[in-house]
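Q: Following this message is one structure expressed as structure tokens.
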Amino acid sequence: MYRFIAAALLSLAFAASAFAADTKPHRVTIQIDQNDPQVMNLVLNNATNVIEHYRARNEDVDIDIVAYGPGLHMLRSDTSPVQDRIKRLKDMVFPGKIQFSACNNTKQGMEKTEGHAISVVPEASIVPSGVVHLMELQEQGWSYVRP
């Protein structure tokens with residue numbers, strides 16, 4: 001009888017690990033294209049809610065917040081009204097689970113217009129084109145949110 005119970009428990013453990021390996025990864029990209037602190041905070045709220053939802057279920061999620069056009073102000077070191085929230089959010093999740101992508105096309109346009117170099121917050125990475133980055137993520141199966 002004990003052998004049967006042990007075998008059953010072992011089978012359940014293997015089935016559970018196989019099921020976990022077969023689950024589709026959760027990946028979402030959220031765009032920000034407005035220089036509006038309310039929309040920026042909405043984007044960060046969306047990301048926080050997604051992280052907390054999947055963390056409660058012991059599931060991983062990857063998030064990429066993509067800023068372009070006027071939304072680049074969210075990631076600019078000199079104009080971001082949400083820099084502290086970005087740092088807290090980045091610190092809240094495991095490394096590599098959330099990223100902030102800044103559009104280089106927009107950055108270069110702003111630099112030309114303003115006549116000086118623009119830096120982005122340390123938590124952000126520069127991508128060649130925000131819109132192309134969004135497209136490519138969707139082509140790779142990422143979910144897309146526009147607040």
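Labeling convention for the structure tokens: chains A, B, ... as they appear, residues from 1 per chain, ligands from 1 in order of appearance.
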List the spatial neighbours of Pro25 of chain A as a short mmCIF file (atom, residue, chain, number, x, y, z; two decimals) with C-alpha atoms, in the first residue's frame - criterion: any atom at most 9 Å away, only C-alpha atoms, same-chain residues fewer than 5 positions off excluded.

A:
data_model
loop_
_atom_site.label_atom_id
_atom_site.label_comp_id
_atom_site.auth_asym_id
_atom_site.auth_seq_id
_atom_site.Cartn_x
_atom_site.Cartn_y
_atom_site.Cartn_z
CA GLU A 59 4.12 32.50 -11.96
CA ASP A 60 6.70 34.58 -13.80
CA VAL A 61 5.87 37.54 -15.98
CA ASP A 62 8.09 39.71 -18.17
#

Q: Could you build a table of the residues in segment 25-69 of chain A lying no more than 12 Å from segment 127-138 of chain A, giving for each the nearest pair of atoms and their separation in Å rounded to one decimal place, using only C-alpha atoms, ordered by chain and ascending residue number, as JSON lines?

A:
{"residue": "A:Arg27", "atom": "CA", "partner": "A:Leu137", "partner_atom": "CA", "distance": 9.1}
{"residue": "A:Val28", "atom": "CA", "partner": "A:Leu137", "partner_atom": "CA", "distance": 8.7}
{"residue": "A:Thr29", "atom": "CA", "partner": "A:Leu134", "partner_atom": "CA", "distance": 7.2}
{"residue": "A:Ile30", "atom": "CA", "partner": "A:Leu134", "partner_atom": "CA", "distance": 8.6}
{"residue": "A:Gln31", "atom": "CA", "partner": "A:Leu134", "partner_atom": "CA", "distance": 7.8}
{"residue": "A:Ile32", "atom": "CA", "partner": "A:Gly130", "partner_atom": "CA", "distance": 9.7}
{"residue": "A:Asp33", "atom": "CA", "partner": "A:Gly130", "partner_atom": "CA", "distance": 9.5}
{"residue": "A:Asp62", "atom": "CA", "partner": "A:Leu137", "partner_atom": "CA", "distance": 11.4}
{"residue": "A:Ile63", "atom": "CA", "partner": "A:Leu137", "partner_atom": "CA", "distance": 10.7}
{"residue": "A:Asp64", "atom": "CA", "partner": "A:Leu137", "partner_atom": "CA", "distance": 9.0}
{"residue": "A:Ile65", "atom": "CA", "partner": "A:Leu134", "partner_atom": "CA", "distance": 9.4}
{"residue": "A:Val66", "atom": "CA", "partner": "A:Gly130", "partner_atom": "CA", "distance": 6.2}
{"residue": "A:Ala67", "atom": "CA", "partner": "A:Gly130", "partner_atom": "CA", "distance": 6.5}
{"residue": "A:Tyr68", "atom": "CA", "partner": "A:Gly130", "partner_atom": "CA", "distance": 5.5}
{"residue": "A:Gly69", "atom": "CA", "partner": "A:Gly130", "partner_atom": "CA", "distance": 8.6}

Q: In Å, how far is it from atom CA of Ala102 of chain A to atom CA of Ser80 of chain A?

A: 12.4 Å

Q: Hey, which of A:Val93, A:Cys103, A:Leu42, A:Ile51 ends up closest to Gly71 of chain A? Count only C-alpha atoms.

A: A:Cys103

Q: Taking only segment 37-147 of chain A into account, list the residues labelled alpha helix (DSSP H) by DSSP (computed from the backbone), as a count of residues only.

A: 51

Q: Which one is closest to His26 of chain A: A:Arg55, A:Arg146, A:Lys90, A:Lys107? Count only C-alpha atoms.

A: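 Of all the options, A:Arg55 lies closest to His26 of chain A.
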
Q: Using only C-alpha atoms, which protein or nucleic acid residues come within 12 Å of Pro122 of chain A? Drop anything in the same chain fewer than 3 positions from it, and give the result as a list of chain:residue names.

A: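 Counting only C-alpha atoms, the residues come to A:Leu75, A:Arg76, A:Ser77, A:Asp78, A:Gln83, A:Asp84, A:Ile86, A:Lys87, A:Lys90, A:Gln99, A:Phe100, A:Ser101, A:Ala102, A:Ser119, A:Ser125, A:Ile126.
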
Q: Looking at only C-alpha atoms, which of A:Gly109, A:Gly141, A:Pro37, A:Pro147 is the one that sits closest to Thr79 of chain A?

A: A:Pro37

Q: What are the DSSP strand (DSSP E) residues of chain A, as a ChimeraX atom specification?

A: /A:26-32,61-67,98-103,124-127,143-145

Q: Between A:Glu139, A:Lys24, A:Glu123, A:Thr106, which is the closest to Leu72 of chain A once you count only C-alpha atoms?

A: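 Of all the options, A:Thr106 lies closest to Leu72 of chain A.
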
Q: Between A:Glu111, A:Lys97, A:Met74, A:Tyr144, which residue has the minimum interatomic distance to Thr48 of chain A, considering only C-alpha atoms?

A: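 Looking only at the distances to Thr48 of chain A, the closest residue turns out to be A:Lys97.
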